[in-house]
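> Following this line is coords39.cif, made up of mmCIF, C-alpha atoms and all ligand atoms:
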```
data_run
loop_
_atom_site.label_atom_id
_atom_site.label_comp_id
_atom_site.auth_asym_id
_atom_site.auth_seq_id
_atom_site.Cartn_x
_atom_site.Cartn_y
_atom_site.Cartn_z
CA MET Y 20 168.63 47.80 64.71
CA LEU Y 21 165.82 46.10 66.56
CA THR Y 22 165.70 42.46 67.42
CA THR Y 23 162.33 40.84 67.78
CA ASN Y 24 162.78 37.21 67.01
CA SER Y 25 159.96 34.83 67.72
CA LYS Y 26 161.63 33.44 70.79
CA ASP Y 27 161.69 36.87 72.39
CA VAL Y 28 158.11 37.41 71.42
CA PHE Y 29 157.04 34.08 72.87
CA PHE Y 30 158.94 34.80 76.03
CA LEU Y 31 157.25 38.16 76.21
CA LEU Y 32 153.86 36.55 75.81
CA SER Y 33 154.38 34.30 78.77
CA THR Y 34 155.95 36.80 81.12
CA VAL Y 35 154.64 40.23 80.49
CA PHE Y 36 151.66 40.26 82.82
CA ILE Y 37 153.20 38.10 85.51
CA LEU Y 38 156.82 38.86 86.05
CA SER Y 39 157.27 42.26 84.57
CA GLN Y 40 157.18 44.02 87.91
CA ASN Y 41 160.44 42.37 88.87
CA PHE Y 42 161.89 41.85 85.51
CA LEU Y 43 163.93 44.97 85.07
CA ASN Y 44 165.07 45.38 88.63
CA GLY Y 45 168.55 46.78 88.69
CA HIS Y 46 168.59 47.26 84.95
CA SER Y 47 167.74 50.37 83.01
CA PHE Y 48 165.07 52.87 84.02
CA LYS Y 49 161.63 51.31 84.23
CA PRO Y 50 158.86 53.83 83.70
CA GLU Y 51 155.46 53.19 85.25
CA PRO Y 52 152.54 52.18 83.04
CA ARG Y 53 150.65 55.14 81.63
CA GLY Y 54 148.32 56.45 78.95
CA GLY Y 55 147.78 59.83 77.31
CA HIS Y 56 151.54 60.48 77.19
CA MET Y 57 153.37 62.16 74.29
CA ALA Y 58 156.11 60.65 72.12
CA THR Y 59 158.41 62.09 69.44
CA LEU Y 60 161.20 60.49 67.44
CA VAL Y 61 164.52 62.36 67.33
CA ASN Y 62 167.14 60.50 65.31
CA ASP Y 63 167.48 57.13 67.07
CA ARG Y 64 165.60 58.06 70.20
CA ILE Y 65 161.93 58.24 71.02
CA TYR Y 66 161.39 60.92 73.65
CA PHE Y 67 158.46 60.37 76.00
CA PHE Y 68 156.72 63.04 78.00
CA GLY Y 69 154.23 62.87 80.84
CA GLY Y 70 151.08 60.81 80.68
CA SER Y 71 148.52 59.71 83.20
CA ARG Y 72 149.19 56.98 85.74
CA PRO Y 73 146.46 55.29 87.73
CA ILE Y 74 146.57 55.87 91.49
CA PRO Y 75 146.10 52.50 93.20
CA ILE Y 76 142.64 52.27 94.70
CA THR Y 77 144.34 51.25 97.95
CA SER Y 78 146.34 54.49 98.08
CA PRO Y 79 145.19 57.10 100.63
CA ALA Y 80 145.47 59.64 97.80
CA TRP Y 81 142.77 57.87 95.78
CA ASN Y 82 139.27 59.27 95.69
CA GLN Y 83 136.49 59.46 93.12
CA THR Y 84 137.79 62.68 91.59
CA HIS Y 85 141.46 61.89 92.01
CA GLN Y 86 142.11 58.55 90.32
CA TYR Y 87 145.06 59.56 88.16
CA ASN Y 88 148.47 60.98 88.86
CA LEU Y 89 149.75 62.94 85.91
CA SER Y 90 153.42 62.59 85.07
CA ASP Y 91 155.97 65.32 84.56
CA GLU Y 92 158.68 62.87 83.50
CA VAL Y 93 160.88 63.00 80.41
CA PHE Y 94 162.69 59.88 79.24
CA TYR Y 95 163.78 58.29 76.01
CA LEU Y 96 163.99 54.90 74.36
CA ASP Y 97 167.29 54.26 72.61
CA LEU Y 98 166.84 52.55 69.22
CA SER Y 99 170.45 52.81 68.10
CA SER Y 100 171.40 49.29 69.13
CA SER Y 101 169.64 45.96 69.35
CA PHE Y 102 167.32 45.23 72.20
CA THR Y 103 164.58 42.81 73.02
CA VAL Y 104 161.06 44.05 73.55
CA ASN Y 105 160.97 42.88 77.16
CA LEU Y 106 164.10 44.90 78.02
CA PRO Y 107 163.42 48.27 76.45
CA PRO Y 108 166.43 50.54 77.07
CA PHE Y 109 164.78 53.61 78.57
CA THR Y 110 166.88 56.45 79.97
CA ASP Y 111 165.34 58.86 82.45
CA LEU Y 112 166.05 62.55 81.87
CA SER Y 113 163.60 63.85 84.45
CA ALA Y 114 166.25 65.06 86.88
CA ILE Y 115 167.39 67.67 84.34
CA SER Y 116 164.40 67.83 81.98
CA ARG Y 117 161.34 67.59 84.22
CA MET Y 118 158.26 69.15 82.65
CA PRO Y 119 156.98 72.38 84.25
CA PHE Y 120 153.73 70.51 85.11
CA GLY Y 121 152.15 67.09 85.04
CA CYS Y 122 150.88 66.71 81.50
CA GLU Y 123 148.65 64.47 79.41
CA ARG Y 124 146.80 64.69 76.09
CA GLY Y 125 149.02 67.33 74.56
CA THR Y 126 150.89 66.76 71.30
CA THR Y 127 154.64 66.90 70.74
CA VAL Y 128 156.24 67.55 67.33
CA LEU Y 129 159.85 67.95 66.28
CA GLY Y 130 160.97 71.13 64.52
CA TYR Y 131 163.68 73.73 64.30
CA SER Y 132 166.34 71.56 62.60
CA GLY Y 133 165.54 68.69 64.90
CA VAL Y 134 166.60 70.58 68.01
CA ARG Y 135 163.28 71.62 69.49
CA ILE Y 136 160.28 69.58 70.49
CA PHE Y 137 157.13 71.68 70.58
CA LEU Y 138 154.49 70.68 73.11
CA VAL Y 139 151.10 71.95 72.01
CA GLY Y 140 148.20 72.08 74.46
CA GLY Y 141 147.44 69.35 76.96
CA VAL Y 142 146.52 69.28 80.61
CA GLN Y 143 148.90 71.22 82.88
CA GLN Y 144 148.62 70.04 86.46
CA ASN Y 145 150.60 71.24 89.45
CA MET Y 146 152.23 68.10 90.83
CA VAL Y 147 151.99 69.30 94.43
CA THR Y 148 148.60 71.01 94.73
CA PHE Y 149 146.94 69.03 91.90
CA GLY Y 150 145.53 72.32 90.61
CA TYR Y 151 145.05 72.57 86.85
CA ASN Y 152 146.07 75.31 84.38
CA THR Y 153 149.52 75.75 85.86
CA THR Y 154 150.66 78.13 83.11
CA ASN Y 155 149.06 80.48 80.62
CA SER Y 156 151.05 79.20 77.68
CA SER Y 157 149.64 76.48 75.44
CA LEU Y 158 153.08 76.18 73.81
CA TRP Y 159 156.12 74.81 75.59
CA ILE Y 160 159.45 74.07 73.94
CA TYR Y 161 161.90 71.34 74.91
CA ASN Y 162 165.43 71.87 73.64
CA ILE Y 163 167.21 68.60 72.84
CA ASN Y 164 170.65 70.12 73.38
CA SER Y 165 170.12 72.07 76.59
CA GLN Y 166 167.58 69.45 77.79
CA LYS Y 167 165.48 72.25 79.26
CA TRP Y 168 161.94 73.54 78.84
CA ASP Y 169 160.94 77.08 77.96
CA THR Y 170 158.07 79.03 76.46
CA ASN Y 171 158.86 81.35 73.63
CA GLY Y 172 158.20 84.20 76.02
CA PRO Y 173 157.12 87.46 74.45
CA GLY Y 174 158.61 86.66 71.05
CA THR Y 175 155.38 85.18 69.69
CA TYR Y 176 153.06 86.92 67.29
CA GLY Y 177 149.41 86.56 66.34
CA PRO Y 178 146.54 85.10 68.37
CA PRO Y 179 148.00 82.29 70.47
CA LEU Y 180 146.21 78.98 70.70
CA PRO Y 181 143.86 79.15 73.67
CA ARG Y 182 144.15 76.45 76.29
CA ARG Y 183 142.94 73.07 75.01
CA ARG Y 184 143.84 69.43 74.78
CA SER Y 185 143.41 66.32 72.61
CA THR Y 186 143.94 68.26 69.40
CA ALA Y 187 144.88 66.75 66.03
CA THR Y 188 148.34 68.19 65.44
CA VAL Y 189 151.16 67.78 62.90
CA ILE Y 190 154.20 69.77 61.78
CA ASP Y 191 154.98 70.12 58.07
CA LYS Y 192 158.36 70.21 56.37
CA ASN Y 193 158.41 74.01 56.48
CA GLY Y 194 158.12 73.97 60.26
CA VAL Y 195 154.47 75.02 60.39
CA ILE Y 196 152.40 73.27 63.06
CA TYR Y 197 148.73 72.64 62.19
CA ILE Y 198 146.44 72.23 65.18
CA PHE Y 199 142.83 71.22 64.61
CA GLY Y 200 140.00 70.83 67.10
CA GLY Y 201 140.43 69.54 70.61
CA ARG Y 202 138.43 70.33 73.70
CA VAL Y 203 138.32 72.06 77.05
CA GLY Y 204 136.79 70.83 80.31
CA VAL Y 205 137.47 71.03 84.03
CA ASP Y 206 141.09 70.02 83.53
CA THR Y 207 141.64 72.76 80.96
CA GLY Y 208 140.02 75.78 82.57
CA SER Y 209 136.38 75.43 81.54
CA ASP Y 210 133.42 74.32 83.64
CA VAL Y 211 131.71 73.43 80.39
CA PHE Y 212 132.86 70.61 78.13
CA ILE Y 213 133.42 72.28 74.75
CA MET Y 214 134.92 70.94 71.54
CA PHE Y 215 136.43 73.07 68.80
CA ASP Y 216 136.40 73.24 65.03
CA ASP Y 217 139.12 75.83 64.45
CA LEU Y 218 142.43 75.24 62.73
CA PHE Y 219 145.35 77.10 64.28
CA THR Y 220 148.83 77.25 62.83
CA LEU Y 221 152.15 78.12 64.40
CA ASP Y 222 155.02 78.99 62.11
CA THR Y 223 157.95 77.84 64.22
CA SER Y 224 160.52 79.96 62.41
CA LEU Y 225 158.54 83.23 62.70
CA PHE Y 226 156.82 82.20 65.93
CA GLU Y 227 153.59 83.43 64.44
CA TRP Y 228 150.18 82.02 65.35
CA SER Y 229 147.20 82.18 62.99
CA ASN Y 230 143.61 81.15 63.35
CA LEU Y 231 142.81 79.86 59.87
CA SER Y 232 139.09 80.00 59.42
CA LEU Y 233 138.34 78.42 56.09
CA PRO Y 234 135.16 77.10 54.48
CA ASN Y 235 134.18 73.42 54.51
CA HIS Y 236 136.10 72.63 57.67
CA PRO Y 237 135.01 69.57 59.66
CA PRO Y 238 132.49 69.91 62.48
CA LYS Y 239 133.87 70.19 66.02
CA ARG Y 240 136.16 67.34 66.69
CA ASN Y 241 138.06 65.93 69.63
CA LEU Y 242 140.57 63.10 69.78
CA CYS Y 243 140.80 62.56 66.04
CA THR Y 244 144.15 61.76 64.47
CA ALA Y 245 146.03 63.87 61.94
CA THR Y 246 148.39 62.23 59.45
CA LEU Y 247 150.60 64.34 57.18
CA MET Y 248 151.13 63.04 53.65
CA PRO Y 249 154.20 63.81 51.50
CA ASP Y 250 152.07 66.04 49.21
CA GLY Y 251 151.23 68.35 52.13
CA LYS Y 252 147.72 67.03 52.76
CA ILE Y 253 146.63 66.27 56.32
CA ILE Y 254 144.19 63.41 56.76
CA TYR Y 255 141.92 63.49 59.81
CA ILE Y 256 140.47 60.21 61.07
CA GLY Y 257 137.96 59.32 63.79
CA GLY Y 258 137.32 61.08 67.07
CA VAL Y 259 134.14 62.45 68.55
CA THR Y 260 132.04 65.49 67.76
CA GLN Y 261 129.56 67.65 69.67
CA SER Y 262 126.53 69.55 68.41
CA PHE Y 263 126.50 72.24 71.10
CA ALA Y 264 128.79 73.44 73.91
CA GLY Y 265 128.20 71.23 76.93
CA GLY Y 266 126.50 68.60 74.79
CA PRO Y 267 127.42 64.93 74.78
CA PRO Y 268 130.21 63.61 72.58
CA THR Y 269 129.01 61.62 69.59
CA ARG Y 270 131.23 59.32 67.60
CA VAL Y 271 132.46 60.29 64.16
CA ASN Y 272 131.81 57.92 61.27
CA MET Y 273 135.12 56.45 60.09
CA ASN Y 274 133.88 56.50 56.49
CA GLU Y 275 133.88 60.30 56.32
CA ILE Y 276 137.41 61.60 56.00
CA TYR Y 277 138.33 65.27 56.09
CA ILE Y 278 141.48 66.48 54.39
CA PHE Y 279 143.30 69.78 54.71
CA ASP Y 280 145.61 70.69 51.87
CA THR Y 281 148.40 72.79 53.38
CA ILE Y 282 149.61 73.94 49.93
CA ALA Y 283 146.22 75.06 48.59
CA SER Y 284 144.98 76.02 52.10
CA ALA Y 285 141.67 74.26 51.46
CA TRP Y 286 139.47 71.62 53.05
CA SER Y 287 137.97 68.70 51.18
CA GLN Y 288 136.19 65.47 52.02
CA LYS Y 289 136.63 61.90 50.88
CA SER Y 290 134.74 58.75 51.62
CA ALA Y 291 136.47 55.60 52.78
CA LEU Y 292 135.01 52.13 52.24
CA GLY Y 293 135.05 49.47 54.93
CA ASN Y 294 133.23 48.46 58.06
CA ILE Y 295 135.29 50.06 60.81
CA ASP Y 296 134.08 50.86 64.31
CA PRO Y 297 134.32 54.52 65.31
CA ARG Y 298 137.12 55.28 67.72
CA VAL Y 299 138.97 57.69 69.98
CA GLY Y 300 142.40 57.25 71.52
CA HIS Y 301 143.67 55.46 68.40
CA THR Y 302 146.85 56.23 66.47
CA ALA Y 303 147.33 56.75 62.73
CA ILE Y 304 150.79 56.80 61.20
CA LEU Y 305 151.91 56.84 57.59
CA ALA Y 306 153.64 53.62 56.50
CA PRO Y 307 156.95 53.84 54.61
CA ASP Y 308 155.09 53.20 51.32
CA ASN Y 309 153.72 56.75 51.69
CA TYR Y 310 150.10 55.82 50.95
CA THR Y 311 149.02 53.42 53.68
CA ILE Y 312 147.86 54.88 56.97
CA VAL Y 313 148.26 52.36 59.77
CA ILE Y 314 145.52 52.82 62.35
CA PHE Y 315 145.88 51.03 65.62
CA GLY Y 316 143.69 50.69 68.69
CA GLY Y 317 141.15 53.04 70.10
CA THR Y 318 138.03 52.81 72.14
CA GLN Y 319 134.40 53.30 71.15
CA GLY Y 320 133.32 54.62 74.46
CA TYR Y 321 134.33 57.84 76.00
CA VAL Y 322 135.19 59.10 79.44
CA LEU Y 323 135.51 55.96 81.57
CA ARG Y 324 133.32 53.60 79.59
CA GLN Y 325 135.79 51.77 77.44
CA SER Y 326 134.97 49.24 74.79
CA THR Y 327 137.28 48.04 72.05
CA SER Y 328 136.85 49.38 68.53
CA TYR Y 329 137.17 46.63 65.95
CA PRO Y 330 139.13 45.83 64.00
CA THR Y 331 141.97 46.95 66.22
CA PHE Y 332 144.54 46.94 63.41
CA VAL Y 333 143.42 48.75 60.27
CA LEU Y 334 145.09 49.97 57.12
CA LEU Y 335 143.67 52.87 55.12
CA ASP Y 336 144.76 52.98 51.50
CA VAL Y 337 144.60 56.63 50.44
CA LYS Y 338 145.82 55.93 46.91
CA SER Y 339 142.57 54.23 45.98
CA GLU Y 340 139.46 56.18 45.00
CA PRO Y 341 137.48 56.19 47.23
CA PHE Y 342 139.82 55.44 50.10
CA GLN Y 343 139.73 51.81 51.24
CA TYR Y 344 140.04 50.26 54.68
CA SER Y 345 141.37 46.76 55.20
CA SER Y 346 142.38 44.77 58.24
CA PRO Y 347 144.91 42.14 57.29
CA GLN Y 348 145.73 39.37 59.68
CA THR Y 349 149.02 39.97 61.39
CA SER Y 350 151.62 37.56 62.65
CA GLY Y 351 153.59 37.59 65.83
CA MET Y 352 152.23 38.79 69.10
CA ALA Y 353 149.77 41.62 68.74
CA PRO Y 354 149.40 44.05 71.61
CA PRO Y 355 146.19 43.79 73.62
CA PRO Y 356 143.47 46.24 72.59
CA LEU Y 357 144.93 49.61 73.51
CA SER Y 358 143.89 53.22 73.59
CA TYR Y 359 145.82 56.39 74.43
CA HIS Y 360 149.05 54.60 73.57
CA THR Y 361 151.61 56.12 71.18
CA ALA Y 362 152.72 54.71 67.83
CA THR Y 363 155.98 55.94 66.37
CA LEU Y 364 157.41 55.04 62.98
CA TYR Y 365 161.08 54.09 62.99
CA GLN Y 366 162.49 52.63 59.79
CA ASN Y 367 160.02 49.87 58.96
CA TYR Y 368 158.73 49.52 62.48
CA MET Y 369 155.71 50.88 64.24
CA ILE Y 370 156.66 51.14 67.88
CA VAL Y 371 153.66 51.03 70.19
CA VAL Y 372 154.29 52.07 73.76
CA PHE Y 373 152.08 52.21 76.87
CA GLY Y 374 148.36 52.95 76.68
CA ASN Y 375 145.22 51.73 78.39
CA ILE Y 376 144.27 48.14 77.93
CA ILE Y 377 140.63 48.00 76.96
CA PHE Y 378 138.33 45.03 77.09
CA PRO Y 379 135.40 44.16 74.88
CA SER Y 380 133.00 44.95 77.66
CA ILE Y 381 131.23 48.15 78.52
CA ILE Y 382 130.84 47.14 82.14
CA LEU Y 383 134.41 47.98 83.07
CA ILE Y 384 134.77 51.45 84.38
CA ILE Y 385 138.33 51.23 85.59
CA ASP Y 386 141.10 51.69 83.08
CA TYR Y 387 143.91 49.22 83.08
CA TYR Y 388 147.28 50.34 81.89
CA THR Y 389 149.84 48.35 80.01
CA ASP Y 390 153.19 47.73 81.55
CA ASN Y 391 156.24 49.29 80.00
CA VAL Y 392 156.55 46.72 77.29
CA ILE Y 393 156.71 47.95 73.77
CA TYR Y 394 155.15 46.28 70.81
CA ILE Y 395 156.92 46.45 67.53
CA ARG Y 396 155.25 45.89 64.23
CA ASP Y 397 157.43 45.16 61.26
CA TYR Y 398 155.68 46.39 58.17
CA PHE Y 399 157.05 43.68 55.99
CA HIS Y 400 155.29 41.13 58.09
CA ILE Y 401 152.00 42.81 57.57
CA PHE Y 402 152.30 42.42 53.87
CA ILE Y 403 154.20 39.23 53.29
CA ASP Y 404 153.54 37.13 56.35
CA MET Y 405 149.77 37.01 56.21
CA PRO Y 406 149.39 33.21 56.28
CA SER Y 407 150.67 33.02 59.82
CA ILE Y 408 147.41 34.15 61.23
CA ARG Y 409 147.56 35.13 64.82
CA THR Y 410 146.15 37.83 66.99
CA MET Y 411 145.49 37.80 70.69
CA ILE Y 412 142.36 39.76 70.24
CA ASP Y 413 139.99 37.65 68.16
C1 LIG Y 501 152.59 60.94 91.69
O1 LIG Y 501 153.82 60.62 91.06
C2 LIG Y 501 154.96 61.13 91.73
C3 LIG Y 501 156.19 60.73 90.92
O2 LIG Y 501 156.13 61.22 89.63
C4 LIG Y 501 155.05 60.56 93.12
O3 LIG Y 501 156.13 61.18 93.78
C5 LIG Y 501 153.76 60.84 93.86
O4 LIG Y 501 153.79 60.18 95.11
C6 LIG Y 501 152.57 60.31 93.08
N1 LIG Y 501 151.36 60.69 93.77
C7 LIG Y 501 150.34 59.84 93.93
C8 LIG Y 501 149.17 60.39 94.65
O5 LIG Y 501 150.33 58.69 93.52
C1 LIG Y 502 140.27 64.08 96.23
O1 LIG Y 502 141.68 64.29 96.27
C2 LIG Y 502 142.12 65.56 95.85
C3 LIG Y 502 143.63 65.57 95.85
O2 LIG Y 502 144.12 65.20 97.09
C4 LIG Y 502 141.52 66.64 96.74
O3 LIG Y 502 141.95 67.91 96.27
C5 LIG Y 502 140.02 66.53 96.71
O4 LIG Y 502 139.46 67.44 97.61
C6 LIG Y 502 139.56 65.12 97.08
N1 LIG Y 502 138.12 65.01 96.88
C7 LIG Y 502 137.34 64.40 97.75
C8 LIG Y 502 135.89 64.35 97.38
O5 LIG Y 502 137.77 63.92 98.80
C1 LIG Y 503 139.01 81.27 65.05
O1 LIG Y 503 138.29 81.92 64.02
C2 LIG Y 503 136.93 81.50 63.87
C3 LIG Y 503 136.33 82.22 62.69
O2 LIG Y 503 136.52 83.59 62.81
C4 LIG Y 503 136.15 81.79 65.14
O3 LIG Y 503 134.83 81.30 65.03
C5 LIG Y 503 136.83 81.12 66.31
O4 LIG Y 503 136.19 81.47 67.50
C6 LIG Y 503 138.30 81.54 66.37
N1 LIG Y 503 138.92 80.79 67.45
C7 LIG Y 503 139.44 81.38 68.50
C8 LIG Y 503 139.94 80.47 69.56
O5 LIG Y 503 139.53 82.58 68.62
#
```
Could you render the structure from this file as structure tokens?

Amino acid sequence: MLTTNSKDVFFLLSTVFILSQNFLNGHSFKPEPRGGHMATLVNDRIYFFGGSRPIPITSPAWNQTHQYNLSDEVFYLDLSSSFTVNLPPFTDLSAISRMPFGCERGTTVLGYSGVRIFLVGGVQQNMVTFGYNTTNSSLWIYNINSQKWDTNGPGTYGPPLPRRRSTATVIDKNGVIYIFGGRVGVDTGSDVFIMFDDLFTLDTSLFEWSNLSLPNHPPKRNLCTATLMPDGKIIYIGGVTQSFAGGPPTRVNMNEIYIFDTIASAWSQKSALGNIDPRVGHTAILAPDNYTIVIFGGTQGYVLRQSTSYPTFVLLDVKSEPFQYSSPQTSGMAPPPLSYHTATLYQNYMIVVFGNIIFPSIILIIDYYTDNVIYIRDYFHIFIDMPSIRTMID
């Protein structure tokens, strides 16, 4: 059970940016702020992997091309007992579970009877030499029981997913991972910045890869979200596209939604009504009602030019025809505008952890990272507590 009473939240509001550096001293593990990390729920734990941490500009290691230190850490947040949001009970597993490389912008999904976490794609950086492309495998497997990493070695069939990152990836109830789009660039083995429009699958029981090339697929897309619905449809939202290899990224209109039906193996398109800024680095999770997609955060800009996409908290009703966006007022303390955070559904809560803080200004070219405070959104409040209007953002 989680405890987030208003006193805690108020306390959080007044202390998070001032005292947090000292706050957890001597208590549980305190991870550094980060963005572009991976998160996966396993029973009552959210496992976190890697991410990108800013190198202080005052550090001798900092230079124009080396502003971030990727993380190879593995740690989890224990949700099995009550805690307050300013004392998140993280446990570090890095000593036994360290990733084989510093990693960001991959995707992790849980499969194989809840015992294996599959890491698909992402940047693989050698933590000592800072060289990229540390391994040739775009699939790494973390075993919850042994707490160790492995590839599947030679026991994999079909054309493996080539190196890439920032894909839109989900696993279905049959253990098939669907990987759409993504990109390569200097950090993923290509001098040219190239986005993709192919849909790969990995059947995690057969360990078989396929490149599904089917008509009516979306144009090339990077950093869009994929949300799996109970009927087997995957809904893709936002991101950026590219008209030619090496060309600039252009933002995808949020009113055009692509859907892949995993049962019929077919693409379709739907329109969604609502005035919603385009975005990358956002999250999109399915609410417990099974028809509302909760979209949070994201930035309009790309590369280092960040500017907040509004509204920052958006619901997409996929039961209505056409789909309908709304942005209800929320109560409690909203996170600051974030991008490259993670959002994980646990019971009725959306648990938002880490991410870049973005500001409504395009002048900023330095990313700021949130501290290790988590933001918890209780769904019931979204729907029944609307009169208590309060966001930090507006
Ligand atoms: C990168 O992070 C590691 C810990 O994960 C630390 O040992 C190392 O000093 C950091 N490097 C830089 C340049 O900040
Ligand atoms: C920046 O730092 C990285 C890592 O230490 C180094 O490999 C690179 O040569 C440096 N670049 C410049 C321009 O100093
Ligand atoms: C996947 O298949 C499509 C259609 O044949 C092709 O255009 C694309 O290059 C393939 N992707 C890879 C990475 O081989």
> Produce a table with one row for each residue of region 139-239 of chain Y that has an atom at most 10 Å from any atom of region 54-75 of chain Y, each row naming the nearest atom pair and its distance in Å at one decimal; use all atoms listed in the file; arrange rows by chain and rising residue number; format as a Markdown table.

```
| residue | atom | partner | partner_atom | distance |
| --- | --- | --- | --- | --- |
| Y:Gly141 | CA | Y:Gly55 | CA | 9.5 |
| Y:Val142 | CA | Y:Gly70 | CA | 9.6 |
| Y:Ile163 | CA | Y:Val61 | CA | 8.7 |
| Y:Ser185 | CA | Y:Gly55 | CA | 9.1 |
```
> Kindly work out which residues sit at most 12 Å from ligand LIG 502 (chain Y), using only C-alpha atoms and all ligand atoms, and give the list as a list in words.
Ile74, Ser78, Pro79, Ala80, Trp81, Asn82, Gln83, Thr84, His85, Gln86, Tyr87, Asn88, Leu89, Gln144, Asn145, Met146, Val147, Thr148, Phe149, Gly150 and Tyr151 of chain Y
> Go ahead and fit an axis-aligned box to every listed atom of ligand LIG 501 (chain Y) plus 4 Å each side, and pass me the centre and edge lengths in Å, one decimal, as JSON.

```
{"center_x": 152.7, "center_y": 60.0, "center_z": 92.4, "size_x": 15.0, "size_y": 10.5, "size_z": 13.5}
```
> Contacts of Lys167 (chain Y) at 9 Å or less, counting all atoms listed in the file, minus same-chain residues fewer than 5 places along, as an NGL selection string?
:Y and (115-118 or 160-162)
> Select, from Y:Asp111, Y:Asp91, Y:Asp210, Y:Glu227, the residue with the minimum atom-to-atom distance to Trp168 (chain Y), counting only C-alpha atoms.
Y:Asp91
